[in-house]
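Trainee: Coordinates in input-v3.txt, compact mmCIF, C-alpha atoms and all ligand atoms, are listed below.
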# COMPACT_ATOMS: atom_id res chain seq x y z
CA MET A 1 70.90 98.28 125.76
CA ALA A 2 74.05 98.24 127.87
CA LEU A 3 77.53 98.19 126.43
CA GLU A 4 76.78 99.03 122.80
CA THR A 5 79.98 99.94 120.99
CA ALA A 6 80.73 100.91 117.43
CA ALA A 7 81.17 98.10 114.93
CA PRO A 8 84.79 97.30 114.17
CA VAL A 9 86.35 99.34 111.38
CA GLN A 10 86.79 97.12 108.36
CA ALA A 11 86.61 97.45 104.64
CA LYS A 12 83.80 95.02 103.89
CA PRO A 13 80.74 93.67 105.66
CA ILE A 14 80.71 90.09 106.91
CA ILE A 15 78.24 87.95 104.96
CA LEU A 16 77.48 85.81 108.02
CA ASP A 17 76.14 88.93 109.76
CA LEU A 18 73.08 88.66 107.52
CA SER A 19 69.97 86.69 108.41
CA ARG A 20 68.47 84.46 105.72
CA SER A 21 65.95 87.10 104.71
CA GLU A 22 68.55 89.89 104.75
CA LEU A 23 70.81 87.79 102.53
CA GLU A 24 67.95 87.19 100.13
CA ARG A 25 67.23 90.93 99.95
CA GLU A 26 70.88 91.71 99.28
CA VAL A 27 71.23 89.10 96.56
CA VAL A 28 67.97 89.96 94.84
CA ASP A 29 67.72 93.74 95.32
CA ALA A 30 71.34 94.86 95.52
CA MET A 31 73.01 92.26 93.29
CA GLY A 32 70.20 91.58 90.83
CA GLN A 33 70.33 87.79 91.22
CA SER A 34 67.59 85.25 91.81
CA ARG A 35 66.23 84.04 95.16
CA PHE A 36 67.53 80.63 94.24
CA ARG A 37 71.09 82.02 94.26
CA ALA A 38 70.50 83.42 97.76
CA LYS A 39 69.36 80.00 98.90
CA GLN A 40 72.46 78.37 97.39
CA ILE A 41 74.73 80.85 99.16
CA TRP A 42 72.99 80.35 102.52
CA GLN A 43 73.27 76.57 102.23
CA ALA A 44 76.90 76.68 101.15
CA LEU A 45 77.84 78.91 104.09
CA HIS A 46 75.62 77.60 106.86
CA ARG A 47 75.07 73.95 105.93
CA GLU A 48 78.16 72.93 103.96
CA CYS A 49 80.32 75.31 106.01
CA ILE A 50 82.22 76.62 102.98
CA LEU A 51 83.51 80.04 104.09
CA ASP A 52 85.35 80.79 100.84
CA PHE A 53 83.34 82.16 97.92
CA GLU A 54 85.76 80.69 95.37
CA GLN A 55 84.92 77.20 96.68
CA ILE A 56 81.15 77.55 96.25
CA THR A 57 81.18 75.75 92.94
CA THR A 58 77.40 75.67 92.59
CA LEU A 59 77.63 79.42 91.76
CA PRO A 60 78.84 80.89 88.45
CA LYS A 61 82.48 82.00 88.64
CA ALA A 62 81.75 85.66 87.94
CA PHE A 63 79.18 85.79 90.73
CA ARG A 64 81.64 84.20 93.16
CA ALA A 65 84.11 86.96 92.32
CA GLN A 66 81.42 89.60 92.84
CA LEU A 67 80.61 88.20 96.27
CA ALA A 68 84.28 88.13 97.24
CA GLU A 69 84.61 91.77 96.26
CA ARG A 70 81.64 92.74 98.34
CA TYR A 71 81.87 90.61 101.49
CA ILE A 72 84.14 88.92 103.97
CA ALA A 73 83.24 85.20 103.86
CA ASP A 74 85.22 84.07 106.91
CA PRO A 75 85.68 86.69 109.67
CA ILE A 76 87.75 84.48 111.98
CA GLU A 77 91.31 83.42 111.41
CA LYS A 78 92.67 80.50 113.41
CA VAL A 79 95.67 81.44 115.55
CA TYR A 80 95.99 78.09 117.27
CA HIS A 81 94.05 74.91 117.81
CA LEU A 82 94.70 72.34 120.56
CA THR A 83 93.22 68.93 121.30
CA SER A 84 93.22 67.51 124.84
CA ALA A 85 95.24 64.34 125.48
CA ASP A 86 92.08 62.23 125.77
CA GLY A 87 90.77 63.62 122.46
CA SER A 88 87.53 64.80 124.04
CA THR A 89 88.06 68.55 123.77
CA ASP A 90 89.39 71.02 121.19
CA LYS A 91 90.11 74.65 121.87
CA ALA A 92 90.73 77.22 119.16
CA LEU A 93 91.89 80.82 119.39
CA PHE A 94 90.71 83.12 116.58
CA ARG A 95 91.79 86.54 115.36
CA LEU A 96 88.95 88.81 114.21
CA PRO A 97 89.27 91.26 111.30
CA ASP A 98 90.41 94.10 113.60
CA GLY A 99 92.90 91.93 115.50
CA GLU A 100 90.80 91.10 118.58
CA LEU A 101 91.14 87.52 119.88
CA VAL A 102 88.42 85.11 121.03
CA GLU A 103 88.30 81.45 122.03
CA THR A 104 85.94 78.64 121.12
CA VAL A 105 85.74 75.10 122.51
CA LEU A 106 84.38 71.82 121.12
CA MET A 107 83.51 69.07 123.62
CA ARG A 108 82.78 65.49 122.59
CA TYR A 109 80.65 63.26 124.79
CA VAL A 110 80.34 59.54 124.13
CA ALA A 111 76.99 57.81 124.46
CA ASP A 112 76.12 56.21 127.78
CA ASN A 113 73.03 54.45 129.15
CA HIS A 114 71.13 57.70 129.51
CA ARG A 115 72.22 59.89 126.67
CA LYS A 116 73.23 59.84 123.04
CA ALA A 117 76.69 60.88 121.92
CA ARG A 118 76.90 64.62 121.44
CA LYS A 119 79.24 67.39 120.40
CA THR A 120 78.88 70.73 122.11
CA VAL A 121 80.43 74.05 121.05
CA CYS A 122 81.11 76.74 123.65
CA VAL A 123 81.03 80.09 121.89
CA SER A 124 82.22 83.65 122.72
CA THR A 125 79.95 86.67 122.25
CA GLN A 126 82.27 89.54 123.21
CA ALA A 127 86.01 90.20 123.12
CA GLY A 128 86.60 90.60 126.86
CA CYS A 129 83.81 91.43 129.31
CA ALA A 130 82.91 94.55 131.27
CA LEU A 131 81.32 92.80 134.24
CA GLY A 132 84.45 92.03 136.21
CA CYS A 133 83.52 88.87 138.12
CA THR A 134 86.56 88.29 140.32
CA PHE A 135 86.94 84.55 139.59
CA CYS A 136 86.76 84.94 135.79
CA ALA A 137 89.77 85.28 133.49
CA THR A 138 87.71 87.13 130.85
CA GLY A 139 86.41 89.57 133.45
CA GLN A 140 89.96 90.27 134.55
CA GLN A 141 90.83 91.32 130.97
CA GLY A 142 88.14 94.02 130.77
CA PHE A 143 85.84 94.80 127.85
CA ARG A 144 87.19 95.10 124.29
CA ARG A 145 84.15 95.01 121.99
CA GLN A 146 80.96 93.26 120.92
CA LEU A 147 81.20 90.41 118.44
CA THR A 148 79.02 90.69 115.36
CA THR A 149 76.45 88.02 114.50
CA GLY A 150 78.77 86.58 111.86
CA GLU A 151 81.74 86.44 114.21
CA ILE A 152 79.64 84.34 116.59
CA VAL A 153 78.21 82.07 113.88
CA ALA A 154 81.64 81.53 112.27
CA GLN A 155 82.97 79.99 115.51
CA ILE A 156 80.29 77.31 115.30
CA ILE A 157 80.82 76.74 111.58
CA PHE A 158 84.55 76.20 112.24
CA MET A 159 83.78 73.49 114.82
CA GLN A 160 81.05 72.01 112.60
CA ARG A 161 83.64 71.39 109.88
CA ILE A 162 85.71 69.38 112.37
CA ALA A 163 82.68 67.50 113.71
CA LEU A 164 81.40 66.60 110.23
CA ALA A 165 84.86 65.45 109.10
CA GLU A 166 84.90 63.11 112.10
CA ASP A 167 81.45 61.77 111.20
CA ARG A 168 82.57 61.16 107.61
CA ALA A 169 85.68 59.31 108.81
CA GLU A 170 83.37 57.08 110.85
CA VAL A 171 81.25 56.41 107.75
CA GLU A 172 84.38 55.37 105.86
CA ALA A 173 85.39 53.09 108.71
CA GLY A 174 81.94 51.49 108.58
CA GLU A 175 81.05 52.76 112.07
CA ARG A 176 78.26 55.06 111.00
CA ASP A 177 75.57 55.26 108.29
CA LEU A 178 75.96 57.91 105.67
CA GLY A 179 72.49 59.19 106.57
CA SER A 180 73.46 59.81 110.20
CA LEU A 181 75.97 62.64 109.85
CA GLN A 182 75.39 64.62 113.00
CA GLY A 183 78.07 67.26 113.40
CA VAL A 184 77.66 69.71 116.26
CA THR A 185 74.58 68.80 118.29
CA ASN A 186 74.62 71.48 121.04
CA VAL A 187 75.76 75.07 121.46
CA VAL A 188 76.37 76.84 124.77
CA PHE A 189 76.86 80.62 124.99
CA MET A 190 79.35 80.28 127.84
CA GLY A 191 82.54 81.52 126.26
CA MET A 192 84.08 84.96 126.59
CA GLY A 193 81.69 87.80 127.27
CA GLU A 194 78.14 88.41 128.45
CA PRO A 195 75.68 87.36 125.72
CA LEU A 196 72.79 89.45 127.05
CA ALA A 197 74.97 92.58 126.94
CA ASN A 198 75.26 91.86 123.19
CA TYR A 199 71.59 91.02 122.92
CA ASP A 200 70.73 91.68 119.28
CA ASN A 201 73.78 90.01 117.78
CA THR A 202 73.44 87.02 120.10
CA MET A 203 69.76 86.57 119.24
CA SER A 204 70.37 86.86 115.53
CA ALA A 205 73.24 84.34 115.79
CA ILE A 206 70.85 81.97 117.60
CA ARG A 207 68.28 82.37 114.83
CA SER A 208 70.92 81.72 112.15
CA ILE A 209 72.28 78.53 113.74
CA ASN A 210 68.73 77.33 114.42
CA ASP A 211 67.71 77.71 110.74
CA ALA A 212 66.55 74.42 109.23
CA ASN A 213 68.44 75.09 105.98
CA GLY A 214 71.66 75.80 107.83
CA LEU A 215 73.32 74.29 110.88
CA ALA A 216 69.85 73.37 112.20
CA ILE A 217 70.87 73.29 115.87
CA GLY A 218 67.61 72.69 117.76
CA ALA A 219 66.62 75.50 120.13
CA ARG A 220 66.40 73.00 122.98
CA HIS A 221 70.04 72.17 122.31
CA ILE A 222 71.10 75.79 122.72
CA THR A 223 71.91 77.24 126.17
CA LEU A 224 72.60 80.89 126.91
CA SER A 225 74.39 81.76 130.15
CA THR A 226 74.00 85.19 131.72
CA VAL A 227 75.54 86.98 134.67
CA GLY A 228 71.97 88.05 135.48
CA LEU A 229 71.01 91.18 133.49
CA VAL A 230 67.41 91.57 134.63
CA PRO A 231 65.85 93.67 131.80
CA GLN A 232 67.35 91.38 129.16
CA ILE A 233 66.19 88.23 130.98
CA LEU A 234 62.66 89.61 130.80
CA GLU A 235 63.13 90.56 127.15
CA LEU A 236 64.35 87.03 126.40
CA ALA A 237 61.27 85.59 128.12
CA GLY A 238 59.15 87.39 125.52
CA GLU A 239 61.06 85.96 122.52
CA ASN A 240 59.36 83.12 120.81
CA ILE A 241 62.30 80.71 121.08
CA GLN A 242 62.72 77.58 123.18
CA ILE A 243 66.39 77.91 124.19
CA ASN A 244 67.66 77.08 127.68
CA LEU A 245 68.61 79.87 130.03
CA ALA A 246 71.38 79.50 132.60
CA VAL A 247 71.85 82.20 135.23
CA SER A 248 75.19 82.60 137.01
CA LEU A 249 74.08 82.89 140.62
CA HIS A 250 77.21 81.81 142.50
CA ALA A 251 75.93 82.91 145.94
CA PRO A 252 72.75 82.69 148.03
CA ASP A 253 72.85 86.20 149.56
CA ASP A 254 73.77 89.73 148.49
CA GLU A 255 76.76 90.06 150.75
CA THR A 256 78.45 86.95 149.40
CA ARG A 257 77.45 87.63 145.78
CA SER A 258 78.65 91.24 145.81
CA GLU A 259 82.08 90.07 146.94
CA THR A 260 82.69 88.33 143.60
CA MET A 261 80.12 89.79 141.18
CA PRO A 262 79.93 93.60 140.86
CA ILE A 263 76.66 93.27 138.88
CA ASN A 264 74.95 92.25 142.13
CA ARG A 265 74.93 95.88 143.27
CA ARG A 266 72.84 96.75 140.22
CA TYR A 267 70.58 93.69 140.26
CA PRO A 268 70.56 92.18 143.74
CA ILE A 269 69.44 88.61 144.35
CA ALA A 270 65.79 89.36 145.18
CA THR A 271 65.39 91.36 141.93
CA LEU A 272 67.23 88.70 139.93
CA LEU A 273 65.25 85.78 141.35
CA SER A 274 61.97 87.55 140.80
CA ALA A 275 62.93 88.05 137.12
CA CYS A 276 63.85 84.34 136.98
CA ARG A 277 60.45 83.36 138.42
CA ARG A 278 58.78 85.59 135.85
CA TYR A 279 60.87 83.91 133.11
CA VAL A 280 59.72 80.46 134.25
CA GLU A 281 56.11 81.65 134.41
CA MET A 282 56.19 83.20 130.94
CA THR A 283 58.07 80.42 129.15
CA ASP A 284 57.04 77.40 131.18
CA ARG A 285 60.69 76.41 130.99
CA ARG A 286 63.02 75.34 133.76
CA ILE A 287 65.84 77.74 134.54
CA PHE A 288 69.41 76.59 135.20
CA PHE A 289 71.47 78.19 137.93
CA GLU A 290 75.22 78.01 137.70
CA TYR A 291 76.99 77.99 141.01
CA VAL A 292 80.80 78.12 140.86
CA LEU A 293 82.09 76.62 144.12
CA LEU A 294 84.80 78.86 145.63
CA SER A 295 86.41 77.19 148.62
CA GLY A 296 85.44 79.00 151.84
CA GLN A 297 83.73 81.85 149.96
CA ASN A 298 80.34 80.42 148.97
CA ASP A 299 80.56 76.65 149.47
CA THR A 300 79.69 75.97 153.14
CA THR A 301 76.60 74.04 154.18
CA ALA A 302 75.24 77.32 155.60
CA HIS A 303 75.42 78.78 152.07
CA ALA A 304 73.75 75.64 150.74
CA ARG A 305 70.89 76.00 153.23
CA LYS A 306 70.29 79.63 152.25
CA LEU A 307 70.35 78.65 148.58
CA GLY A 308 67.93 75.79 149.20
CA GLU A 309 65.52 78.14 150.98
CA LYS A 310 65.60 80.66 148.11
CA LEU A 311 65.18 78.17 145.28
CA SER A 312 62.83 75.71 146.92
CA GLY A 313 59.65 75.27 144.88
CA MET A 314 61.07 76.87 141.73
CA LEU A 315 61.25 75.02 138.39
CA CYS A 316 65.04 75.00 138.24
CA HIS A 317 68.23 72.95 138.21
CA VAL A 318 71.50 73.94 139.90
CA ASN A 319 74.86 73.19 138.28
CA LEU A 320 77.61 73.10 140.91
CA ILE A 321 80.99 73.82 139.31
CA PRO A 322 84.23 73.64 141.32
CA VAL A 323 86.11 76.80 140.25
CA ASN A 324 88.92 76.63 137.76
CA PRO A 325 91.40 78.90 139.56
CA THR A 326 92.71 81.70 137.31
CA GLU A 327 96.34 82.79 137.28
CA ASP A 328 96.09 85.71 139.69
CA GLY A 329 92.82 84.75 141.35
CA PRO A 330 92.72 84.09 145.12
CA TYR A 331 90.27 81.15 144.87
CA GLN A 332 90.75 77.47 145.59
CA ARG A 333 88.65 74.62 144.28
CA THR A 334 86.09 73.00 146.50
CA GLY A 335 86.80 69.29 147.00
CA ARG A 336 84.43 66.56 145.86
CA ASP A 337 83.33 65.75 149.44
CA GLN A 338 82.30 69.33 150.17
CA ALA A 339 80.55 69.56 146.78
CA ASP A 340 78.61 66.38 147.68
CA ARG A 341 77.67 67.82 151.09
CA PHE A 342 76.45 71.02 149.39
CA GLN A 343 74.39 68.95 146.99
CA ASN A 344 72.87 66.88 149.82
CA VAL A 345 71.63 70.03 151.54
CA LEU A 346 70.00 71.23 148.31
CA ARG A 347 68.37 67.81 147.96
CA ARG A 348 66.73 68.26 151.37
CA TYR A 349 65.07 71.42 150.00
CA GLY A 350 63.90 69.53 146.92
CA VAL A 351 66.26 71.53 144.66
CA PRO A 352 67.78 69.31 141.95
CA SER A 353 71.48 69.77 141.17
CA THR A 354 74.44 68.23 139.39
CA VAL A 355 78.13 68.51 140.16
CA ARG A 356 79.61 69.36 136.78
CA ILE A 357 81.89 67.04 134.86
CA GLU A 358 84.81 68.97 133.48
CA LYS A 359 86.58 68.51 130.21
CA GLY A 360 89.81 69.52 128.55
CA ILE A 361 91.66 70.28 131.78
CA ASP A 362 95.07 69.74 130.19
CA ILE A 363 94.46 72.37 127.49
CA ASP A 364 92.72 74.85 129.77
CA ALA A 365 89.80 74.37 127.47
CA GLY A 366 87.49 77.14 128.24
CA CYS A 367 86.83 80.47 126.95
CA GLY A 368 88.97 83.14 128.55
CA GLN A 369 90.58 80.30 130.49
CA LEU A 370 87.31 79.06 131.93
CA ARG A 371 87.27 75.36 132.15
CA ALA A 372 84.92 73.90 129.65
CA ARG A 373 81.86 72.23 131.00
CA VAL A 374 78.38 71.74 129.86
CA LEU A 375 74.88 71.57 131.22
CA ASP A 376 73.27 68.29 131.90
CA GLU A 377 70.79 68.19 129.05
CA ASP A 378 69.17 65.19 130.74
CA ALA A 379 67.77 67.65 133.18
CA ILE A 380 66.42 69.90 130.45
CA GLY A 381 62.70 69.53 130.02
N1 LIG B 1 78.97 86.01 130.99
C1 LIG B 1 78.15 84.87 131.08
C2 LIG B 1 78.58 83.72 130.20
C3 LIG B 1 80.05 83.43 130.11
S1 LIG B 1 80.79 82.82 131.55
C4 LIG B 1 78.00 84.45 132.54
O1 LIG B 1 78.72 84.97 133.37
O2 LIG B 1 77.14 83.62 132.82
C5 LIG B 1 80.14 81.16 131.65
C6 LIG B 1 80.16 80.57 133.04
O3 LIG B 1 81.51 80.35 133.49
C7 LIG B 1 79.53 81.49 134.08
O4 LIG B 1 78.67 80.76 134.93
C8 LIG B 1 80.73 81.98 134.83
O5 LIG B 1 80.40 82.44 136.11
C9 LIG B 1 81.61 80.76 134.83
N2 LIG B 1 83.02 81.01 135.18
C10 LIG B 1 83.71 82.14 135.03
N3 LIG B 1 84.97 81.97 135.49
C11 LIG B 1 85.06 80.70 135.95
C12 LIG B 1 86.11 79.95 136.57
N4 LIG B 1 87.31 80.47 136.78
N5 LIG B 1 85.83 78.68 136.94
C13 LIG B 1 84.61 78.13 136.70
N6 LIG B 1 83.60 78.80 136.11
C14 LIG B 1 83.81 80.07 135.76
FE1 LIG B 2 81.82 88.42 132.23
FE2 LIG B 2 80.60 86.07 132.64
FE3 LIG B 2 83.22 86.39 133.18
FE4 LIG B 2 81.41 87.58 134.73
S1 LIG B 2 81.71 85.37 134.44
S2 LIG B 2 83.27 88.53 133.92
S3 LIG B 2 79.87 88.10 133.21
S4 LIG B 2 82.26 86.48 131.18
Any chance you could give the structure as structure tokens?
Ligand code: SAH
Ligand code: SF4

Mentor:
Amino acid sequence: MALETAAPVQAKPIILDLSRSELEREVVDAMGQSRFRAKQIWQALHRECILDFEQITTLPKAFRAQLAERYIADPIEKVYHLTSADGSTDKALFRLPDGELVETVLMRYVADNHRKARKTVCVSTQAGCALGCTFCATGQQGFRRQLTTGEIVAQIIFMQRIALAEDRAEVEAGERDLGSLQGVTNVVFMGMGEPLANYDNTMSAIRSINDANGLAIGARHITLSTVGLVPQILELAGENIQINLAVSLHAPDDETRSETMPINRRYPIATLLSACRRYVEMTDRRIFFEYVLLSGQNDTTAHARKLGEKLSGMLCHVNLIPVNPTEDGPYQRTGRDQADRFQNVLRRYGVPSTVRIEKGIDIDAGCGQLRARVLDEDAIG
């Protein structure tokens, strides 16, 4: 696998790094406790979101102390936390045990005629990123290290605590039934870093948050976004898990794509699209293409025609996202009219697309300064 680095140096292991069965083995074999205790710990951490052993009052005090001696319960420390003026978006910056920093975003969507209310967390999988896309703030920072499974899961648990507290406040105000606590409904792997370059930890984080005795985020409510690492896309196709895959395409031809995405020299568009077709064939699932609109670079109707030709007939959906210009980046946002023209061309080729709604603009809510946005789950099969 690409980009493996050594685990961060720290005194104790992170308990959230363990899968449910690994935790059970530790508790039973290494700590001499019952399976029931392992179940209680898993539920306290992953369902009740208590990341402090002392507070897990269902466990005997001595055992809580033993756990605290052995493991880190909460691997992320909040450095700051902002809420957008309209209250729809929260962004938090966390410090990891070795001092690295990552961002996480929570986006709230109210119910409309088509869709239920939902709360989506955008999660980071690496500190920095090695892939160097020229429009991306994280790419401009370079690669720092992989996040562990627990460091990924803890970001979602943090936001789940906020989401559940909001649900409970609604119960108290008589606006919600006690039985309908929902918390976080969706998770997108679109924060800092390339999730498929941290394949094992990302997959085990997905399995942990999907666990029915934990956060229980449905696989169909989880979306992983990749820059387009071909071997890992094919590996993912063979996993028995129904998550959504989004591929950052951002250009319809190699010349245009190589200008902004160095990875295109390794996996050019024909290779990438043939892996995507194989993914659709193997999983029977629609693929999402992200297409960041960069004014004058990839957003003309000629680009749209080329894109339409390439994607026509494929089980896919294109998300058109006007770029969020980064501090030193040379790119300008495409206007709404041009985005609509681009979309009309795709429509002529029978390629469905959505121009992305953006959230949290005033707090730069996005990981590594990306603007937060989310896939249109309506379009997800
Ligand atoms: N590394 C993965 C996932 C993280 S980036 C990937 O590249 O897909 C998530 C999405 O944000 C990607 O589609 C990425 O291209 C996009 N993105 C990066 N910088 C952006 C910017 N400045 N404005 C809008 N989208 C951006
Ligand atoms: Fe890395 Fe994704 Fe940013 Fe490219 S867009 S530099 S792959 S995080």

Trainee: Which residues are near range 337-343 of chain A? Cut-off 12 Å, only C-alpha atoms, ignore same chain within fewer than 4 positions. Put them as a PyMOL selection string.

Mentor: chain A and resi 291-296+298-308+317-323+333+347-356

Trainee: So which residues are near ligand LIG 1 (chain B), meaning at most 7 Å away with all atoms listed in the file counted, given back as a CSV table (one decimal) with C-alpha atoms, in the coordinates of the input?

Mentor:
chain,number,residue,atom,x,y,z
A,135,PHE,CA,86.9,84.6,139.6
A,136,CYS,CA,86.8,84.9,135.8
A,137,ALA,CA,89.8,85.3,133.5
A,189,PHE,CA,76.9,80.6,125.0
A,190,MET,CA,79.4,80.3,127.8
A,191,GLY,CA,82.5,81.5,126.3
A,192,MET,CA,84.1,85.0,126.6
A,193,GLY,CA,81.7,87.8,127.3
A,194,GLU,CA,78.1,88.4,128.4
A,195,PRO,CA,75.7,87.4,125.7
A,225,SER,CA,74.4,81.8,130.2
A,226,THR,CA,74.0,85.2,131.7
A,227,VAL,CA,75.5,87.0,134.7
A,247,VAL,CA,71.8,82.2,135.2
A,248,SER,CA,75.2,82.6,137.0
A,290,GLU,CA,75.2,78.0,137.7
A,291,TYR,CA,77.0,78.0,141.0
A,292,VAL,CA,80.8,78.1,140.9
A,321,ILE,CA,81.0,73.8,139.3
A,322,PRO,CA,84.2,73.6,141.3
A,323,VAL,CA,86.1,76.8,140.2
A,324,ASN,CA,88.9,76.6,137.8
A,325,PRO,CA,91.4,78.9,139.6
A,326,THR,CA,92.7,81.7,137.3
A,370,LEU,CA,87.3,79.1,131.9
A,371,ARG,CA,87.3,75.4,132.2

Trainee: Tell me, as a PyMOL selection string, which residues lie within 12 Å of Ser258 in chain A, counting all atoms listed in the file; anything in the same chain fewer than 6 positions away does not count.

Mentor: chain A and resi 131-134+249-252+264-269+297-298

Trainee: As an exercise, work out the distance from CA of Glu170 in chain A to CA of Phe94 in chain A in Å and give it to one decimal place.

Mentor: 27.7 Å

Trainee: I'd like the neighbourhood of Ile56 in chain A as a list in words, where a residue qualifies if any of its atoms comes within 8 Å (using all atoms listed in the file), though same-chain residues fewer than 4 positions away should be ignored.

Mentor: Ile41, Ala44, Ile50, Asp52 and Arg64 of chain A

Trainee: Any idea what the distance is between CA of Val102 in chain A and CA of Ala127 in chain A?

Mentor: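 Straight-line distance from CA of Val102 in chain A to CA of Ala127 in chain A works out to 6.0 Å.
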